[in-house]
$ cat coords08.tsv   # TSV, C-alpha atoms
chain	number	residue	atom	x	y	z
A	1051	VAL	CA	1.01	0.10	15.79
A	1052	THR	CA	-2.75	-0.21	15.49
A	1053	THR	CA	-3.04	-2.44	18.56
A	1054	LEU	CA	-0.80	-0.24	20.68
A	1055	GLN	CA	-2.74	2.88	19.70
A	1056	GLU	CA	-6.01	1.16	20.58
A	1057	MET	CA	-4.52	0.32	23.98
A	1058	GLY	CA	-3.76	4.01	24.56
A	1059	ALA	CA	-0.10	4.29	23.61
A	1060	CYS	CA	1.02	7.90	23.34
A	1061	ALA	CA	3.87	6.91	20.98
A	1062	VAL	CA	5.04	3.77	19.16
A	1063	GLY	CA	8.49	2.81	18.08
A	1064	LEU	CA	11.37	0.48	17.63
A	1065	ASN	CA	14.85	0.19	19.00
A	1066	CYS	CA	17.94	-1.97	18.98
A	1067	SER	CA	18.65	-4.98	16.76
A	1068	VAL	CA	19.77	-3.24	13.53
A	1069	GLY	CA	21.15	0.07	12.31
A	1070	PRO	CA	19.15	3.01	10.99
A	1071	ASP	CA	20.14	2.18	7.41
A	1072	GLN	CA	17.93	-0.92	7.63
A	1073	LEU	CA	14.82	0.66	9.16
A	1074	ARG	CA	13.50	3.19	6.64
A	1075	ALA	CA	10.82	0.87	5.23
A	1076	VAL	CA	9.71	-0.19	8.72
A	1077	VAL	CA	9.36	3.40	9.92
A	1078	ALA	CA	7.50	4.37	6.72
A	1079	GLU	CA	5.02	1.51	7.19
A	1080	MET	CA	4.50	2.41	10.83
A	1081	LYS	CA	3.88	6.04	9.91
A	1082	LYS	CA	1.14	5.07	7.46
A	1083	VAL	CA	-1.12	3.99	10.34
A	1084	ALA	CA	0.32	5.90	13.29
A	1085	ARG	CA	-1.78	8.65	14.84
A	1086	VAL	CA	0.87	9.11	17.52
A	1087	PRO	CA	4.59	9.94	17.27
A	1088	VAL	CA	6.84	7.25	15.80
A	1089	ILE	CA	10.06	6.58	17.74
A	1090	ALA	CA	13.26	5.22	16.17
A	1091	LYS	CA	16.23	4.34	18.37
A	1092	PRO	CA	18.50	1.97	16.41
A	1093	ASN	CA	21.96	0.57	16.99
A	1094	ALA	CA	25.06	2.04	15.39
A	1095	GLY	CA	24.87	-0.72	12.78
A	1096	MET	CA	24.92	-4.48	13.10
A	1097	PRO	CA	27.36	-5.71	15.72
A	1098	VAL	CA	30.30	-7.97	15.03
A	1099	ILE	CA	31.24	-10.12	18.00
A	1100	THR	CA	34.97	-10.36	18.64
A	1101	GLU	CA	36.77	-13.48	19.82
A	1102	THR	CA	36.52	-12.15	23.38
A	1103	GLY	CA	32.74	-11.72	23.07
A	1104	GLN	CA	32.75	-7.94	22.72
A	1105	ALA	CA	30.17	-6.40	20.38
A	1106	VAL	CA	31.71	-3.89	17.96
A	1107	TYR	CA	29.42	-1.55	16.02
A	1108	SER	CA	30.69	-0.33	12.65
A	1109	MET	CA	28.69	2.87	12.04
A	1110	ASP	CA	30.60	6.02	12.78
A	1111	ALA	CA	28.77	9.12	13.97
A	1112	GLN	CA	28.47	10.76	10.53
A	1113	ARG	CA	27.07	7.66	8.79
A	1114	PHE	CA	24.68	7.10	11.68
A	1115	ALA	CA	23.44	10.70	11.56
A	1116	ALA	CA	22.90	10.61	7.79
A	1117	ALA	CA	20.90	7.39	8.09
A	1118	MET	CA	18.86	8.88	10.92
A	1119	MET	CA	17.83	11.75	8.64
A	1120	ASP	CA	16.33	9.10	6.34
A	1121	LEU	CA	14.27	7.84	9.28
A	1122	VAL	CA	13.08	11.37	10.02
A	1123	ASP	CA	12.11	11.71	6.36
A	1124	ALA	CA	10.24	8.39	6.62
A	1125	GLY	CA	8.19	9.68	9.55
A	1126	ALA	CA	10.11	9.20	12.79
A	1127	SER	CA	9.55	12.19	15.04
A	1128	VAL	CA	11.35	10.96	18.17
A	1129	ILE	CA	14.86	9.68	17.49
A	1130	GLY	CA	17.86	8.48	19.44
A	1131	GLY	CA	20.47	5.77	19.56
A	1132	CYS	CA	20.79	2.38	21.20
A	1133	CYS	CA	23.66	-0.11	21.28
A	1134	GLY	CA	26.96	1.17	19.98
A	1135	THR	CA	25.96	4.82	19.88
A	1136	THR	CA	27.97	7.39	21.78
A	1137	PRO	CA	27.53	11.06	22.60
A	1138	ASP	CA	29.35	11.74	19.30
A	1139	HIS	CA	26.60	9.91	17.40
A	1140	ILE	CA	23.89	11.98	19.07
A	1141	ARG	CA	25.82	15.22	18.52
A	1142	ALA	CA	26.12	14.39	14.80
A	1143	VAL	CA	22.37	13.77	14.57
A	1144	ARG	CA	21.70	17.05	16.37
A	1145	ALA	CA	24.03	18.93	14.01
A	1146	LEU	CA	22.16	17.64	10.95
A	1147	LEU	CA	18.80	18.46	12.50
A	1148	ASP	CA	20.03	21.96	13.31
A	1149	ARG	CA	21.21	22.43	9.71
A	1150	ARG	CA	17.82	21.36	8.42
A	1151	ALA	CA	16.16	23.86	10.74
A	1152	GLY	CA	18.49	26.63	9.53
A	1153	ARG	CA	20.28	26.96	12.85

$ encode --input "coords08.tsv" --output "structure tokens"
Amino acid sequence: VTTLQEMGACAVGLNCSVGPDQLRAVVAEMKKVARVPVIAKPNAGMPVITETGQAVYSMDAQRFAAAMMDLVDAGASVIGGCCGTTPDHIRAVRALLDRRAGR
């Protein structure tokens, strides 16, 4: 984060690899030194690879959204979804954000 900010980054973040339930500590540590927005765009959980090579993500939209609220609480101000997320996942996140905002 420090290096990227020194290089002029207007935001710093992470995406892919794991689900939001495994990123709270990482986002919190990033936020401690970030002077720019922190981005979090995780998978819908850790993938399981089927016998045919297909990646299957286990987090449903509601679990994903709840875990994303933890990332917002930890300091992420730009959020989204990567592998395994669907429009339903993003709608669930939006619904929780709207509830928090009293909408």

$ atom_distance --input "coords08.tsv" --atom1 "atom CA of Pro1087 of chain A" --atom2 "atom CA of Ala1059 of chain A"
9.7 Å

$ residues_around --input "coords08.tsv" --residues "segment 1104-1112 of chain A" --least-positions-apart "3" --cutoff "8 Å" --atoms "all atoms listed in the file" --output "list in words"
Asn1093, Ala1094, Gly1095, Met1096, Pro1097, Val1098, Ile1099, Thr1100, Glu1101, Ala1115, Ala1116, Cys1133, Gly1134, Thr1135, Asp1138, His1139, Ile1140, Ala1142 and Val1143 of chain A

$ residues_around --input "coords08.tsv" --residues "segment 1124-1129 of chain A" --least-positions-apart "5" --cutoff "9 Å" --atoms "all atoms listed in the file" --output "count of residues only"
19

$ atom_distance --input "coords08.tsv" --atom1 "atom CA of Val1083 of chain A" --atom2 "atom CA of Thr1053 of chain A"
10.6 Å

$ atom_distance --input "coords08.tsv" --atom1 "atom CA of Leu1147 of chain A" --atom2 "atom CA of Asn1065 of chain A"
19.8 Å

$ residues_around --input "coords08.tsv" --residues "Glu1056 of chain A" --least-positions-apart "5" --cutoff "12 Å" --atoms "only C-alpha atoms" --output "PyMOL selection string"
chain A and resi 1051+1061-1062+1083-1086
